[in-house]
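All remarks here apply to the structure that follows.
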Amino acid sequence: MHIVILGNGVAGATAARFIRKLSDHDITMISAETDHFFSRTALMYIYMGHMRYQETKPYEDWFWDKNRINLKRSYVERVHFDAKTLHLQTGEEVAYDKLLLAVGSKPNKFGWPGQDLEGVGGLYSFQDLQYMEAYSEGLERAVIVGGGLIGIEMAEMFHSRHIPVTFLVRENSFWDMVLPPEESEMVNRQIRQNGIDLRLNTELQEIVDDGNGRVCAVITKDGERVECGYVGLTPGVHPNIAFLKDTDLETEKGILTDEYLRSNLADVYAAGDCAQLRNPPAGRRPIEAVWYVGRMMGETVAYNMCDQPVAYQPGIWFNSAKFFDLEYQVYGTVLADPPDEHTSLFWEHPEGNRSVRLVYHRDTGVILGFNLMGVRYRHEVCERWIKQEASVETVLQNLKLANFDPELFREYEAEILQQYQQQTGTSLSIKKERSWKEVFSFLHR
Amino acid sequence: MSLAHAAPPFTDTWQKIAVAVGGTGLLILFVAGFGALPGKQSLFLGLALLLMTVGTAGYAWRAYLTTSAGIKNNGAFFSSLTNRGLSGWMAGIVLTGFYVLLYFYPNYLGLGRDGAMNTGLIALFDPLSQMLKGQPASEWFVYGTLYTLAILIFGVKFILKYRHNRYQVVRTFSVMFFQLGFAFLLPEILLRLNYPYNDFKNMWPLNYYFFHDWNINQMLDSGAVGMFMLVFGVVLIFIISPALTYFYGKRWYCSWVCGCGGLAETAGDPFRHLSDKSLKAWRIERWLVHGVLVFVVIMTIGVLYSYFSAEGGNLLLSRTFLVWFVTGLLAAGGAWVLFDKKRFHNIDPRAKWLSLGIGVLIIVLMLSSHYGGGSSEQVFFLNTGNLRSWYGFLIGAIFSGVIGVGFYPLLGNRVWCRFGCPMAAILGLQQRFFSRFRITTNGGQCISCGNCSTYCEMGIDVRWYAQRGQNIVRASCVGCGICAAVCPRGVLRLENGSIDINDRTSELRTLQVTEKG
Ligand SMILES: Cc1cc2nc3c(=O)[nH]c(=O)nc-3n(C[C@H](O)[C@H](O)[C@H](O)COP(=O)(O)OP(=O)(O)OC[C@H]3O[C@@H](n4cnc5c(N)ncnc54)[C@H](O)[C@@H]3O)c2cc1C
Ligand code: SF4
Ligand code: SF4
């Protein structure tokens, strides 16, 4: 049997590895982007000089050969689902018995005037990075449009090269559709501390042509003009499925799949950014363009493609990011605009660069989520409390079990507990100290 | 695939001034080296050391204190010095050259031989040496002073760079303290008080001459203090070190105490990403570092064998006792590996049989040469004198010095620690099989970015483990904690715990689908 995987990102590469573990099928992995799987999440570090392209590859080049995974570098123009073949840009046809579509995303563009000028780019692919690099030399100002995770990464990238940045964010506060107000404000501060010209509540009107097809400025909806030599468009991504339209494949925003990651067509599967679950598990969205979802789906789909059906079960939502020097982690449900029955305990360090938020149910006290800035918490411990529906007071008394900061770091759990006691008039005490032994006992109980 | 036009890291005017200041200090040393300094040497020495200190501190101040605290690796792969560019090669050549002079031609540095006065660079250090121990400087005094200074000033730089990270700050104070107090001041003071030179923290087998006859005799001739040195050295090897390594991993030594580690972590920090992460390099590493370990063990047995009297006298100091003591140790170790299946369940069978084979070979050769009437200079049918000079030359001088430090800008800052140090090899074996230490991974948070692997000075592909959610238990890990510091997603934590000591690496946290058999 010949399994073809279209896309060598984390979803495709993980699927290939597990299919190899589970079977002896022929595997071909096709991508137009790079010869080998690399870590898209590390693109920024290449630009900043922390790593080179070769450091971003999670596996050495011999790995694929050794595992008999054929790599093919080519663009697939069309998929003939009836004939079970892929049509490559080179004219070549590749036949498959089973096909995995792991084609990732494309950056959004909202039809702004001037969005296709020279010197306007998104940040998704390796080629996008090369494009950005090509415009960086001698660049006097960059404008970034779109206040999401990629936008702030781009700001940090330019900042690392001492290129001034104007950052246009449509919302009232950075990423405030995801982050609660206090955390969002903390990130605003972090952006400004780094000398970024952050413009909240500001929308792009148009990108101005310098007369030669190249960008020279942007104009905001308020009519303000900002001169710049580069415009980064980072208002999110959408599944990369344009080349699959007008086929029998059922799509909506993404490729529609069931919980076994099967599309509507026999022997065609989808995983990663491009997959849209018809019935996502509770607490999860139909499309989740994050790294670990690609990894989890890649593993799950491998089992399904090898005729060992398993449903996709991502567990409780979690995520992480880093805003300049500020690390962020989230476990469970933390909403920017929570319903009435959610309440939270929010502790912030006086220096304003660390915070812990415990979200819990107002009436029952059941813990719902953890939101952390500048503090690291342990995934499995938080997840277990949420799954167990532990009460916020149990969590608080054992909170040190979750602390994942390096040794010798100050621990703030006692302060957090104290704040809870002051707010509620209860009297509780820390029950467990931070130690691997305690964590292990808790997790394996 | 490469990106063109990567901008160099930025240096502002203050930093350029700082480089000039530090450079002037270095220049004074150079000029002194050519014997061209007139007048009062102590003034020049003081000036040189001061300028180098001020220059480095000033540079670090502008580099780190003008920005927010956090990971500052911007441009590491763009700078010529830290990316094997022209400056990197030049630095490598200069350092290597210095080591060659130091080890083999100290007369070119100005060492006065046969009672002659020092000249040049070494003479420059005479006043300081006179002050500390009342003797003129030797090449080793010059080296020790510069070495200590490097750890101190680059330690300050490191602390500023990682000021947000208490583990890094405390650890760096520790290496600075041990270098200044234990490696530099204490031995000189001992000399001044007419006791043998002794660096208490410098343990066998890193200190390969600990069991050499002259060293033992020196200690035995120095009364209670000397006896204490001898006993402490042995207790360190057999009790203190195993205990600390059991509780904390080898990091207690390699990145908190050791002088080689101290220099690597401080002066060597800008080069840590140059270590080779490939599987091939790991393979070479295991052959080399364990090869050196076998070499030092054989050499030491040989040296002790010739030292001990043939028979009679003190039973504990007899050759027969020695060969049976070593036989007992090796046999006990072998039996442990063979029968403690729980602990050694994930050992590579080839490695297991190879090391058992080497142990058996050592025993057989030792016993047969002992009972086969080898001469007093021979055990294993080899001349121990030769063995010992070859070890001193190949490992002590070439590997740990010339290559170990000279190649920082080319192969990374832990070349010696990783490929050559027999101490690291012993502690590593213990860390792998008999220690509570591991690096824990945080559930599914890893995004495979590669920062951890890139900045691991020991060339460990940390990401390989992190992305599968597996704890890291590697013999070579020195527990510097940099992987955990640079990880942008908070995935790694250095931890100790006995509860799952034999199964530290069993769990794969990112497995989605549990194997159904
Ligand atoms: C700059 C940046 C930073 C990010 N940071 C984070 C982060 O910190 N944490 C996190 O969780 N997520 C992050 N993400 C998101 C994460 O990287 C993605 O969710 C993940 O890479 C998606 O993986 P995938 O395998 O689904 O698709 P992709 O990685 O996009 O792989 C798809 C591949 O298929 C190829 N392809 C598509 N169509 C064709 C075709 N027709 N012919 C040939 N080849 C084709 C593409 O070229 C691409 O190489 C980031 C994304 C970006 C862009
Ligand atoms: S694995 Fe981490 S702690 Fe160990 S040596 Fe490498 S960087 Fe240091
Ligand atoms: S452990 Fe951290 S630094 Fe290492 S690859 Fe994963 S996310 Fe990156």
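Residues are named by chain letter and number: chains run A, B, ... in the order of the structure tokens, numbers start at 1 in each chain, and ligands are numbered from 1 in the order shown.
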Residues of chain A at most 6 Å from ligand 1: nearest atom pair and distance in Å, only C-alpha atoms and all ligand atoms, as a tab-separated table:
residue	atom	partner	partner_atom_place_in_ligand_line	distance
A:Gly7	CA	ligand 1	34 (O)	3.1
A:Asn8	CA	ligand 1	33 (C)	5.0
A:Gly9	CA	ligand 1	25 (O)	3.5
A:Val10	CA	ligand 1	25 (O)	4.0
A:Ala11	CA	ligand 1	25 (O)	3.7
A:Gly12	CA	ligand 1	25 (O)	5.4
A:Ile30	CA	ligand 1	43 (C)	5.9
A:Ser31	CA	ligand 1	44 (N)	3.5
A:Ala32	CA	ligand 1	44 (N)	4.1
A:Glu33	CA	ligand 1	47 (O)	4.2
A:Arg40	CA	ligand 1	17 (O)	4.8
A:Thr41	CA	ligand 1	5 (N)	4.0
A:Leu43	CA	ligand 1	1 (C)	5.8
A:Ser74	CA	ligand 1	43 (C)	5.6
A:Tyr75	CA	ligand 1	42 (N)	3.7
A:Val76	CA	ligand 1	42 (N)	3.7
A:Glu77	CA	ligand 1	41 (N)	5.7
A:Ala102	CA	ligand 1	26 (O)	5.4
A:Val103	CA	ligand 1	37 (C)	3.8
A:Gly104	CA	ligand 1	27 (O)	3.2
A:Ser105	CA	ligand 1	30 (O)	5.2
A:Leu123	CA	ligand 1	1 (C)	5.6
A:Tyr124	CA	ligand 1	53 (C)	3.6
A:Ile150	CA	ligand 1	1 (C)	5.3
A:Gly272	CA	ligand 1	26 (O)	3.4
A:Asp273	CA	ligand 1	26 (O)	3.9
A:Ala289	CA	ligand 1	19 (O)	4.1
A:Val290	CA	ligand 1	19 (O)	3.5
A:Trp291	CA	ligand 1	11 (O)	3.7
A:Tyr292	CA	ligand 1	11 (O)	5.8
A:Gly294	CA	ligand 1	26 (O)	5.1
A:Ala321	CA	ligand 1	8 (O)	5.3
Please report as CSV every residue of chain A lying within 9 Å of ligand 3, along with the nearest atom pair and their distance in Å (one decimal), using only C-alpha atoms and all ligand atoms.
residue,atom,partner,partner_atom_place_in_ligand_line,distance
A:Ser39,CA,ligand 3,5 (S),8.9
A:Thr41,CA,ligand 3,8 (Fe),8.7
A:Ala42,CA,ligand 3,8 (Fe),8.1
A:Thr56,CA,ligand 3,5 (S),8.7
A:Pro58,CA,ligand 3,5 (S),8.0
Generate a file of the selected residues that holds N, CA and C atoms, formatted as a short mmCIF file (atom, residue, chain, number, x, y, z; two decimals), in the first residue's frame.
data_model
loop_
_atom_site.label_atom_id
_atom_site.label_comp_id
_atom_site.auth_asym_id
_atom_site.auth_seq_id
_atom_site.Cartn_x
_atom_site.Cartn_y
_atom_site.Cartn_z
N SER A 39 10.81 23.36 12.06
CA SER A 39 9.86 23.85 13.04
C SER A 39 9.44 25.28 12.70
N THR A 41 7.51 27.13 14.21
CA THR A 41 7.47 27.97 15.40
C THR A 41 8.82 28.63 15.67
N ALA A 42 9.87 28.15 15.00
CA ALA A 42 11.20 28.70 15.26
C ALA A 42 11.63 29.68 14.18
N THR A 56 16.61 24.24 13.23
CA THR A 56 15.16 24.15 13.43
C THR A 56 14.59 22.81 12.97
N PRO A 58 13.75 19.20 13.48
CA PRO A 58 13.69 18.32 14.64
C PRO A 58 14.39 16.97 14.44
#
Report task. Identify, counting only C-alpha atoms and all ligand atoms, the protein, DNA and RNA residues located within 10 Å of ligand 2, and give them as a PyMOL selection string. Result -> chain B and resi 250-251+254-255+265+272-273+414+418+438-439+451-463+472-486+492-494
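Of the residues under consideration (A:Asp128, A:Asp307, A:Asp197, A:Glu407), A:Glu407 shows the shortest atom-to-atom contact distance to chain B when counting only C-alpha atoms.
Taking only C-alpha atoms, the non-local environment of Cys228 in chain A within 6 Å (same-chain residues fewer than 2 positions away omitted) comprises Arg141, Ala142, Cys216, Ala217 and Tyr230 of chain A.
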Save out the residues we just selected, all heavy atoms, as a JSON list (two decimals), in the first residue's frame.
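Listing of part-v1.json after writing:
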[["chain", "number", "residue", "atom", "x", "y", "z"],
["A", 141, "ARG", "N", 11.72, 51.62, 9.04],
["A", 141, "ARG", "CA", 10.57, 51.35, 9.90],
["A", 141, "ARG", "C", 9.72, 50.25, 9.28],
["A", 141, "ARG", "O", 9.56, 50.19, 8.06],
["A", 141, "ARG", "CB", 9.72, 52.60, 10.12],
["A", 141, "ARG", "CG", 8.46, 52.33, 10.98],
["A", 141, "ARG", "CD", 7.80, 53.59, 11.48],
["A", 141, "ARG", "NE", 8.62, 54.31, 12.43],
["A", 141, "ARG", "CZ", 8.67, 54.06, 13.74],
["A", 141, "ARG", "NH1", 7.94, 53.10, 14.27],
["A", 141, "ARG", "NH2", 9.45, 54.76, 14.53],
["A", 142, "ALA", "N", 9.20, 49.40, 10.13],
["A", 142, "ALA", "CA", 8.25, 48.38, 9.68],
["A", 142, "ALA", "C", 6.91, 48.65, 10.36],
["A", 142, "ALA", "O", 6.88, 49.08, 11.51],
["A", 142, "ALA", "CB", 8.75, 46.99, 10.03],
["A", 216, "CYS", "N", 5.43, 52.42, 0.62],
["A", 216, "CYS", "CA", 6.21, 53.50, 1.22],
["A", 216, "CYS", "C", 5.56, 53.99, 2.51],
["A", 216, "CYS", "O", 6.20, 54.69, 3.30],
["A", 216, "CYS", "CB", 6.39, 54.66, 0.26],
["A", 216, "CYS", "SG", 4.85, 55.47, -0.17],
["A", 217, "ALA", "N", 4.29, 53.64, 2.73],
["A", 217, "ALA", "CA", 3.62, 54.09, 3.96],
["A", 217, "ALA", "C", 2.32, 53.32, 4.13],
["A", 217, "ALA", "O", 1.88, 52.61, 3.22],
["A", 217, "ALA", "CB", 3.32, 55.58, 3.90],
["A", 230, "TYR", "N", 8.38, 48.44, 5.07],
["A", 230, "TYR", "CA", 7.89, 47.05, 5.07],
["A", 230, "TYR", "C", 6.58, 47.01, 5.84],
["A", 230, "TYR", "O", 6.43, 47.71, 6.86],
["A", 230, "TYR", "CB", 8.90, 46.12, 5.73],
["A", 230, "TYR", "CG", 8.54, 44.66, 5.59],
["A", 230, "TYR", "CD1", 8.89, 43.94, 4.45],
["A", 230, "TYR", "CD2", 7.81, 44.01, 6.60],
["A", 230, "TYR", "CE1", 8.53, 42.61, 4.32],
["A", 230, "TYR", "CE2", 7.46, 42.67, 6.46],
["A", 230, "TYR", "CZ", 7.82, 41.98, 5.32],
["A", 230, "TYR", "OH", 7.45, 40.67, 5.18]]
Query raised in the report: DSSP says strand (DSSP E or B) for which residues of range 137-266 of chain A? Put them as a PyMOL selection string?
Result: chain A and resi 142-145+165-168+197-199+204-209+214-220+225-227+230-233+237-239+251+255-257+262
Report task. Name all residues at most 10 Å from Arg20 in chain A (count only C-alpha atoms; drop same-chain ones fewer than 5 positions away) and give them as an MDAnalysis selection string. Result -> chainID A and resid 14:15 25:27 67:69 302 306
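Look at range 173-182 of chain B: the protein and nucleic acid residues within 7 Å of it, using only C-alpha atoms and passing over chain neighbours fewer than 2 places away, are Thr148, Ile151, Leu152, Gly155, Val169, Val170, Arg171, Phe184, Leu185, Leu186, Asp199, Phe200, Lys201, Trp256, Val257, Cys258, Gly259 and Gly262 of chain B.
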Could you save the residues just selected, with N, CA and C atoms, as an mmCIF file, in the first residue's frame?
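Final output, out.cif:
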data_model
loop_
_atom_site.group_PDB
_atom_site.id
_atom_site.type_symbol
_atom_site.label_atom_id
_atom_site.label_comp_id
_atom_site.auth_asym_id
_atom_site.auth_seq_id
_atom_site.Cartn_x
_atom_site.Cartn_y
_atom_site.Cartn_z
ATOM 1 N N THR B 148 41.614 32.548 36.637
ATOM 2 C CA THR B 148 40.697 32.990 37.683
ATOM 3 C C THR B 148 40.049 34.319 37.306
ATOM 4 N N ILE B 151 37.300 33.728 34.828
ATOM 5 C CA ILE B 151 36.066 33.211 35.430
ATOM 6 C C ILE B 151 35.342 34.322 36.181
ATOM 7 N N LEU B 152 36.107 35.170 36.847
ATOM 8 C CA LEU B 152 35.463 36.233 37.622
ATOM 9 C C LEU B 152 34.812 37.269 36.711
ATOM 10 N N GLY B 155 32.213 35.755 34.608
ATOM 11 C CA GLY B 155 31.138 35.344 35.515
ATOM 12 C C GLY B 155 30.190 36.507 35.777
ATOM 13 N N VAL B 169 22.248 32.520 38.441
ATOM 14 C CA VAL B 169 23.011 33.479 39.237
ATOM 15 C C VAL B 169 23.739 32.766 40.378
ATOM 16 N N VAL B 170 23.023 31.944 41.104
ATOM 17 C CA VAL B 170 23.615 31.258 42.255
ATOM 18 C C VAL B 170 24.719 30.309 41.801
ATOM 19 N N ARG B 171 24.437 29.583 40.753
ATOM 20 C CA ARG B 171 25.413 28.639 40.224
ATOM 21 C C ARG B 171 26.696 29.348 39.805
ATOM 22 N N PHE B 184 42.554 29.048 43.469
ATOM 23 C CA PHE B 184 43.600 30.068 43.349
ATOM 24 C C PHE B 184 44.216 30.442 44.699
ATOM 25 N N LEU B 185 43.427 30.985 45.604
ATOM 26 C CA LEU B 185 44.011 31.547 46.830
ATOM 27 C C LEU B 185 44.521 30.483 47.798
ATOM 28 N N LEU B 186 43.661 29.504 48.099
ATOM 29 C CA LEU B 186 44.026 28.524 49.113
ATOM 30 C C LEU B 186 45.338 27.791 48.800
ATOM 31 N N ASP B 199 44.599 21.764 45.630
ATOM 32 C CA ASP B 199 43.283 22.300 45.298
ATOM 33 C C ASP B 199 42.274 21.253 45.766
ATOM 34 N N PHE B 200 41.649 21.523 46.896
ATOM 35 C CA PHE B 200 40.838 20.492 47.556
ATOM 36 C C PHE B 200 39.696 19.965 46.699
ATOM 37 N N LYS B 201 39.173 20.821 45.827
ATOM 38 C CA LYS B 201 38.021 20.384 45.046
ATOM 39 C C LYS B 201 38.429 19.653 43.765
ATOM 40 N N TRP B 256 28.871 23.597 39.077
ATOM 41 C CA TRP B 256 28.817 24.391 40.305
ATOM 42 C C TRP B 256 30.190 24.556 40.955
ATOM 43 N N VAL B 257 31.101 23.614 40.730
ATOM 44 C CA VAL B 257 32.354 23.591 41.476
ATOM 45 C C VAL B 257 33.586 23.607 40.563
ATOM 46 N N CYS B 258 33.566 22.766 39.563
ATOM 47 C CA CYS B 258 34.773 22.494 38.773
ATOM 48 C C CYS B 258 35.317 23.739 38.074
ATOM 49 N N GLY B 259 36.629 23.827 38.016
ATOM 50 C CA GLY B 259 37.266 24.960 37.359
ATOM 51 C C GLY B 259 37.154 24.915 35.848
ATOM 52 N N GLY B 262 33.852 25.817 35.215
ATOM 53 C CA GLY B 262 33.702 27.235 35.526
ATOM 54 C C GLY B 262 34.092 28.125 34.357
#
Query - Contact set, chain B to chain A: 8 Å, only C-alpha atoms, as a ChimeraX atom specification - result: /B:1-7,9-10,67-71,73-78,165-167,278,442-451,454,463-464,484,488-490,493-499,510-513
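Residue nearest Leu233 in chain A within the list A:Pro338, A:Gly332, A:Gly195, A:Pro107: A:Pro107 [criterion: smallest interatomic distance, only C-alpha atoms].
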